[in-house]
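Student: Sharing work-v4.cif below, mmCIF, C-alpha atoms:
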```
data_input
loop_
_atom_site.label_atom_id
_atom_site.label_comp_id
_atom_site.auth_asym_id
_atom_site.auth_seq_id
_atom_site.Cartn_x
_atom_site.Cartn_y
_atom_site.Cartn_z
CA MET A 129 18.26 51.91 7.04
CA LYS A 130 19.98 52.70 10.34
CA LYS A 131 19.15 55.91 12.18
CA LYS A 132 20.93 58.47 14.34
CA GLN A 133 19.23 60.14 17.28
CA LEU A 134 19.92 63.40 19.07
CA TYR A 135 19.89 62.85 22.84
CA HIS A 136 20.15 66.53 23.75
CA PRO A 137 18.03 69.33 22.20
CA PHE A 138 21.17 71.09 20.93
CA GLU A 139 24.68 69.95 20.01
CA ILE A 140 27.53 71.69 18.23
CA TYR A 141 31.03 70.54 17.35
CA ILE A 142 33.95 71.21 15.03
CA SER A 143 35.81 68.25 13.59
CA ASP A 144 38.83 67.46 11.42
CA ILE A 145 38.50 64.23 9.44
CA GLU A 146 41.20 63.01 7.07
CA HIS A 147 39.02 60.33 5.53
CA TRP A 148 35.40 61.29 6.05
CA GLN A 149 33.39 58.30 4.94
CA GLU A 150 30.19 58.22 6.91
CA ARG A 151 27.70 55.83 5.34
CA PRO A 152 24.21 57.18 4.71
CA LEU A 153 21.96 57.20 7.78
CA VAL A 154 18.54 58.68 8.48
CA TYR A 155 18.93 61.40 11.11
CA HIS A 156 16.05 62.47 13.34
CA PHE A 157 17.10 66.07 13.85
CA PHE A 158 17.95 69.27 11.98
CA GLU A 159 21.61 69.77 11.12
CA ILE A 160 23.44 72.79 9.69
CA VAL A 161 26.90 71.97 8.32
CA LEU A 162 29.52 74.56 7.38
CA ILE A 163 32.53 73.19 5.46
CA LEU A 164 35.58 75.08 6.72
CA LYS A 165 38.19 73.20 4.67
CA GLY A 166 38.38 70.27 2.24
CA GLU A 167 36.24 68.81 -0.50
CA GLY A 168 34.37 65.65 -1.37
CA PHE A 169 30.83 64.44 -1.86
CA ARG A 170 27.75 64.35 0.32
CA ILE A 171 25.02 61.82 -0.25
CA VAL A 172 21.51 63.14 0.38
CA ASN A 173 18.43 60.98 -0.19
CA GLN A 174 20.35 58.82 -2.71
CA ASN A 175 21.68 61.88 -4.57
CA GLU A 176 25.38 62.77 -4.66
CA PHE A 177 26.43 66.43 -4.46
CA ALA A 178 29.97 67.82 -4.39
CA TYR A 179 31.02 69.98 -1.44
CA LYS A 180 33.95 72.34 -0.90
CA ALA A 181 35.17 74.93 1.60
CA GLY A 182 32.54 77.58 2.31
CA ASN A 183 29.55 75.38 1.47
CA ILE A 184 26.62 75.42 3.88
CA PHE A 185 24.02 72.64 4.06
CA LEU A 186 20.80 72.17 5.96
CA PHE A 187 19.49 68.66 6.60
CA THR A 188 15.99 67.98 7.92
CA PRO A 189 14.91 65.24 10.33
CA MET A 190 13.85 62.98 7.45
CA ASP A 191 16.92 63.25 5.24
CA CYS A 192 19.20 60.27 4.71
CA ARG A 193 22.72 61.65 4.48
CA GLY A 194 26.31 60.54 4.33
CA PHE A 195 29.72 61.90 3.29
CA GLU A 196 32.78 60.86 1.31
CA SER A 197 35.82 63.15 1.53
CA LYS A 198 38.42 63.61 -1.20
CA GLN A 199 40.58 65.95 0.90
CA VAL A 200 41.03 66.44 4.65
CA THR A 201 37.72 67.95 5.72
CA HIS A 202 37.31 70.47 8.54
CA PHE A 203 33.67 71.22 9.31
CA CYS A 204 31.29 72.69 11.86
CA SER A 205 28.09 70.78 12.64
CA ILE A 206 25.13 72.32 14.48
CA ARG A 207 22.40 69.86 15.45
CA PHE A 208 19.10 70.77 17.06
CA SER A 209 15.55 69.54 17.49
CA GLU A 210 12.17 71.22 17.46
CA VAL A 211 12.18 71.03 21.27
CA PHE A 212 15.26 73.26 21.41
CA LEU A 213 13.65 76.09 19.46
CA THR A 214 10.39 75.93 21.43
CA GLN A 215 11.66 75.61 25.00
CA TYR A 216 11.22 78.66 27.24
CA LYS A 217 8.40 79.89 24.95
CA ASN A 218 4.75 80.41 25.81
CA SER A 219 2.18 78.12 24.18
CA GLN A 220 1.25 80.59 21.42
CA GLU A 221 4.88 81.18 20.48
CA ARG A 222 5.61 77.44 20.59
CA GLN A 223 2.78 76.80 18.17
CA ARG A 224 4.01 79.51 15.79
CA ILE A 225 7.57 78.14 15.79
CA THR A 226 6.38 74.54 15.40
CA THR A 227 4.24 75.47 12.38
CA TRP A 228 7.13 77.42 10.83
CA LEU A 229 9.55 74.52 11.38
CA LYS A 230 7.18 72.02 9.77
CA GLN A 231 6.89 74.21 6.71
CA LEU A 232 10.68 74.47 6.49
CA GLU A 233 11.04 70.74 7.05
CA GLN A 234 8.84 69.91 4.08
CA ILE A 235 10.48 72.52 1.84
CA PHE A 236 14.03 71.43 2.63
CA TYR A 237 13.29 67.70 2.60
CA GLN A 238 11.79 67.89 -0.88
CA HIS A 239 14.53 70.26 -2.04
CA ASN A 240 17.23 67.86 -0.78
CA ARG A 241 15.69 65.04 -2.82
CA PHE A 242 16.53 66.72 -6.11
CA GLU A 243 19.22 69.38 -5.91
CA PRO A 244 21.86 70.88 -3.60
CA LEU A 245 21.15 74.01 -1.60
CA LEU A 246 23.40 76.74 -2.95
CA VAL A 247 23.71 80.04 -1.07
CA LYS A 248 24.74 82.09 -4.08
CA ASN A 249 24.45 85.54 -2.53
CA SER A 250 27.91 86.42 -1.14
CA ASN A 251 26.41 88.68 1.54
CA ASP A 252 24.21 85.82 2.72
CA CYS A 253 27.24 83.51 2.91
CA LYS A 254 29.14 86.06 4.99
CA MET A 255 26.14 86.66 7.22
CA ILE A 256 25.61 82.94 7.92
CA THR A 257 29.32 82.45 8.65
CA GLU A 258 29.27 85.38 11.09
CA LEU A 259 26.12 84.05 12.76
CA ILE A 260 27.75 80.63 13.17
CA ASN A 261 30.84 82.24 14.71
CA ASN A 262 28.60 84.12 17.15
CA LEU A 263 26.75 80.91 17.87
CA LEU A 264 30.02 79.10 18.63
CA ALA A 265 31.04 81.86 21.05
CA GLU A 266 27.68 81.77 22.84
CA TYR A 267 27.84 77.99 23.17
CA GLU A 268 31.45 77.99 24.42
CA TYR A 269 31.19 80.70 27.09
CA LYS A 270 27.58 80.03 28.18
CA ARG A 271 26.96 83.51 29.52
CA PRO A 272 23.51 84.47 30.89
CA TYR A 273 20.67 84.00 28.36
CA TYR A 274 22.98 82.10 26.01
CA GLU A 275 20.32 79.47 25.18
CA GLU A 276 17.82 82.15 24.15
CA ASN A 277 20.55 83.73 22.01
CA LEU A 278 21.30 80.35 20.40
CA GLN A 279 17.61 80.00 19.52
CA TYR A 280 17.60 83.45 17.96
CA LEU A 281 20.80 82.81 15.95
CA ILE A 282 19.51 79.45 14.66
CA THR A 283 16.26 81.11 13.58
CA LEU A 284 18.16 83.78 11.65
CA ILE A 285 20.31 81.17 9.89
CA LEU A 286 17.24 79.16 8.89
CA ASN A 287 15.54 82.27 7.52
CA ILE A 288 18.55 83.15 5.37
CA LEU A 289 18.84 79.58 4.05
CA SER A 290 15.11 79.55 3.31
CA ARG A 291 15.13 82.71 1.25
CA ASN A 292 17.85 81.22 -0.94
CA ILE A 293 15.55 78.32 -1.77
CA PHE A 294 12.55 80.61 -2.31
CA HIS A 295 14.67 82.88 -4.51
CA GLY A 296 15.66 79.89 -6.64
CA THR A 297 12.06 78.79 -6.84
CA GLU A 298 10.95 82.21 -8.04
CA LYS A 299 13.61 82.23 -10.73
CA SER A 300 12.57 78.81 -11.98
CA ILE A 301 8.92 79.79 -12.51
CA HIS A 302 9.63 80.59 -16.15
CA THR A 303 11.11 77.14 -16.72
CA ALA A 304 8.53 75.24 -14.69
CA GLN A 305 7.76 73.03 -17.68
CA GLU A 306 11.28 71.60 -17.37
CA GLU A 307 10.67 70.30 -13.85
CA PRO A 308 9.80 66.58 -13.88
CA LEU A 309 6.16 65.86 -13.11
CA ILE A 310 7.16 63.34 -10.44
CA ASN A 311 8.95 66.13 -8.53
CA LYS A 312 5.71 68.12 -8.45
CA MET A 313 3.78 65.09 -7.26
CA LEU A 314 6.23 64.40 -4.44
CA LEU A 315 6.16 68.03 -3.35
CA HIS A 316 2.35 67.94 -3.37
CA ILE A 317 2.28 64.79 -1.22
CA GLY A 318 4.68 66.31 1.30
CA GLN A 319 2.62 69.49 1.48
CA TYR A 320 -0.74 67.72 1.89
CA ILE A 321 0.31 64.60 3.79
CA HIS A 322 -2.30 65.45 6.44
CA CYS A 323 -5.17 65.77 3.92
CA LYS A 324 -6.61 62.44 2.67
CA GLU A 325 -8.76 64.05 -0.01
CA LYS A 326 -5.79 65.65 -1.77
CA LEU A 327 -3.85 62.37 -1.77
CA LYS A 328 -6.54 60.33 -3.51
CA VAL A 329 -5.78 58.98 -6.98
CA GLU A 330 -8.71 60.91 -8.48
CA TYR A 331 -7.46 64.21 -7.09
CA LEU A 332 -3.87 63.56 -8.24
CA ALA A 333 -5.06 62.55 -11.70
CA SER A 334 -7.02 65.78 -12.06
CA LYS A 335 -4.27 68.00 -10.67
CA PHE A 336 -1.44 66.50 -12.74
CA ASN A 337 -3.45 65.80 -15.89
CA LEU A 338 -3.08 62.01 -15.80
CA SER A 339 -5.71 59.31 -16.19
CA THR A 340 -6.81 57.71 -12.91
CA ASN A 341 -5.68 54.33 -14.22
CA TYR A 342 -2.19 55.63 -14.99
CA VAL A 343 -1.38 57.55 -11.78
CA GLY A 344 -0.27 54.47 -9.83
CA GLU A 345 1.69 53.00 -12.72
CA TYR A 346 3.44 56.31 -13.39
CA PHE A 347 4.36 56.78 -9.73
CA ARG A 348 5.79 53.26 -9.37
CA LYS A 349 7.72 53.59 -12.63
CA LEU A 350 9.44 56.79 -11.46
CA THR A 351 9.97 55.99 -7.77
CA GLY A 352 10.16 52.21 -7.58
CA GLU A 353 7.34 51.95 -5.04
CA SER A 354 3.57 52.21 -5.03
CA LEU A 355 1.80 55.49 -4.36
CA GLN A 356 0.11 54.17 -1.23
CA GLN A 357 3.32 52.68 0.10
CA TYR A 358 5.13 55.99 -0.38
CA ILE A 359 2.35 57.94 1.38
CA SER A 360 2.21 55.44 4.26
CA LEU A 361 5.98 55.43 4.80
CA TYR A 362 6.15 59.21 4.51
CA LYS A 363 3.51 59.50 7.24
CA ILE A 364 5.32 57.00 9.47
CA LYS A 365 8.53 59.01 9.08
CA GLN A 366 6.64 62.12 10.11
CA VAL A 367 5.22 60.31 13.15
CA GLU A 368 8.66 58.97 14.07
CA GLN A 369 10.21 62.43 13.85
CA ARG A 370 7.53 63.92 16.10
CA LEU A 371 7.89 61.13 18.66
CA VAL A 372 11.61 61.87 18.83
CA ASN A 373 11.68 65.65 18.67
CA SER A 374 8.37 66.97 19.97
CA GLU A 375 6.27 66.80 23.08
CA LEU A 376 3.00 66.26 21.17
CA THR A 377 0.76 63.48 22.45
CA ILE A 378 0.04 60.48 20.21
CA SER A 379 -3.50 61.80 19.78
CA GLN A 380 -2.23 65.24 18.70
CA ILE A 381 0.15 63.65 16.18
CA ALA A 382 -2.68 61.53 14.80
CA ASP A 383 -4.89 64.59 14.38
CA GLU A 384 -2.14 66.63 12.76
CA LEU A 385 -1.19 63.98 10.19
CA GLY A 386 -4.70 62.96 9.18
CA PHE A 387 -5.01 59.58 10.92
CA THR A 388 -8.55 58.61 11.92
CA ASP A 389 -7.59 58.54 15.60
CA GLU A 390 -4.81 57.50 17.99
CA SER A 391 -5.68 53.83 17.58
CA HIS A 392 -5.36 54.07 13.78
CA LEU A 393 -1.95 55.73 14.09
CA SER A 394 -0.76 53.09 16.58
CA ARG A 395 -1.81 50.21 14.31
CA GLN A 396 -0.06 51.73 11.30
CA PHE A 397 3.09 52.56 13.25
CA LYS A 398 3.30 49.05 14.70
CA LYS A 399 2.75 47.57 11.24
CA TYR A 400 5.88 49.29 9.89
CA LYS A 401 8.03 49.54 13.03
CA ASN A 402 7.01 46.42 14.98
CA ILE A 403 6.58 48.54 18.08
CA SER A 404 3.86 50.81 19.44
CA PRO A 405 4.49 54.58 19.28
CA LYS A 406 4.19 54.84 23.08
CA LEU A 407 6.82 52.17 23.67
CA TYR A 408 9.02 53.66 20.92
CA ARG A 409 9.01 57.05 22.67
CA ARG A 410 9.53 55.46 26.11
CA ASN A 411 12.55 53.49 24.84
CA LEU A 412 14.08 56.67 23.40
CA LYS A 413 13.70 58.49 26.71
CA SER A 414 15.29 55.59 28.59
CA LEU A 415 18.16 55.53 26.11
CA ALA A 416 18.66 59.29 26.49
CA LEU A 417 18.81 59.00 30.30
CA THR A 418 21.31 56.16 30.05
CA SER A 419 23.57 58.17 27.74
CA ASN A 420 23.70 61.15 30.15
#
```
Kindly present the structure from the file in structure tokens form.

Tutor:
Amino acid sequence: MKKKQLYHPFEIYISDIEHWQERPLVYHFFEIVLILKGEGFRIVNQNEFAYKAGNIFLFTPMDCRGFESKQVTHFCSIRFSEVFLTQYKNSQERQRITTWLKQLEQIFYQHNRFEPLLVKNSNDCKMITELINNLLAEYEYKRPYYEENLQYLITLILNILSRNIFHGTEKSIHTAQEEPLINKMLLHIGQYIHCKEKLKVEYLASKFNLSTNYVGEYFRKLTGESLQQYISLYKIKQVEQRLVNSELTISQIADELGFTDESHLSRQFKKYKNISPKLYRRNLKSLALTSN
């Protein structure tokens, strides 16, 4: 699967596309999309969801997404990385924002695997649209403190989008039995990807009321890949995203994601990517300098 990088911490643009047919790619940044006009389909993590004017989407750094327009599509795209929201902050504030973003990343990534994000509250839709208009004005005129204002506006938009997901989750509590078990397992893995104990077959069998012998078979049957392969690839995607969009050291990333040490992370990363994490990050920086 090909990937798209973000070579600046923040980008924003408005585009008119008569035939919007962008094949699915894995993007390594957050993206908020507001559809201003048109309709069609968006492909998110192998799911197809219809879009129309007024729809608002949030994609996370791990999502694979593409588009297929049925009508001329006019849209606004806001792309940003973790670095953008943490620059100019002190270390304590950076840590708070980073933790918050990781929580959102997991929530939205898992949400985007199964259903579209719908902002059903009309006041929320209006508020997000107004915030995006303010954001466009700040970005265009670049008056003093505009970058800090952009950070603040992005944070507000993310909070409003998040509460729409949480609201939907609360409403679905009464019908939790209808949610496929595999969805719950995938959400659990994303939430505890850093914790080896909670990813063991014995723990999963106990938590999801399956026999230890059946966990692996069930997971492969529903996802098409083995449990260990899914966990390994999920971790590598997390590492890749942090190499691209954070200033964490390799050792810090290893500690955060539950690798034994930096050497263990490097071996695993090279196994799947055929390149060391240090060289991967160095190549990205060189590419970013060349594109400037």

Student: Which distance in Å separates CA of His322 (chain A) and CA of Val367 (chain A), to one decimal?

Tutor: 11.3 Å

Student: Smallest atom-to-atom distance to Asp191 (chain A): which of A:Phe158, A:Tyr408, A:Tyr274, A:Phe177, using all atoms listed in the file?

Tutor: A:Phe158

Student: Would you please work out which residue, of A:Glu176, A:Glu139, A:Glu233, A:Glu353, is nearest to Arg207 (chain A) when using all atoms listed in the file?

Tutor: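 So, comparing all the options, the nearest one is A:Glu139.
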
Student: Set the distance at 10 Å and use only C-alpha atoms: which residues neighbour Leu229 (chain A) once local chain neighbours fewer than 3 positions away are removed? I'd like the list as a list in words.

Tutor: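 Near neighbours after the sequence-gap exclusion: Phe158, Thr188, Ser209, Glu210, Leu213, Gln223, Arg224, Ile225, Thr226, Leu232, Glu233, Gln234, Ile235, Thr283 and Leu286 of chain A.
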
Student: Measure the distance from CA of Arg348 (chain A) to CA of Met313 (chain A) in Å and round it to one decimal.

Tutor: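 So the answer is 12.2 Å.
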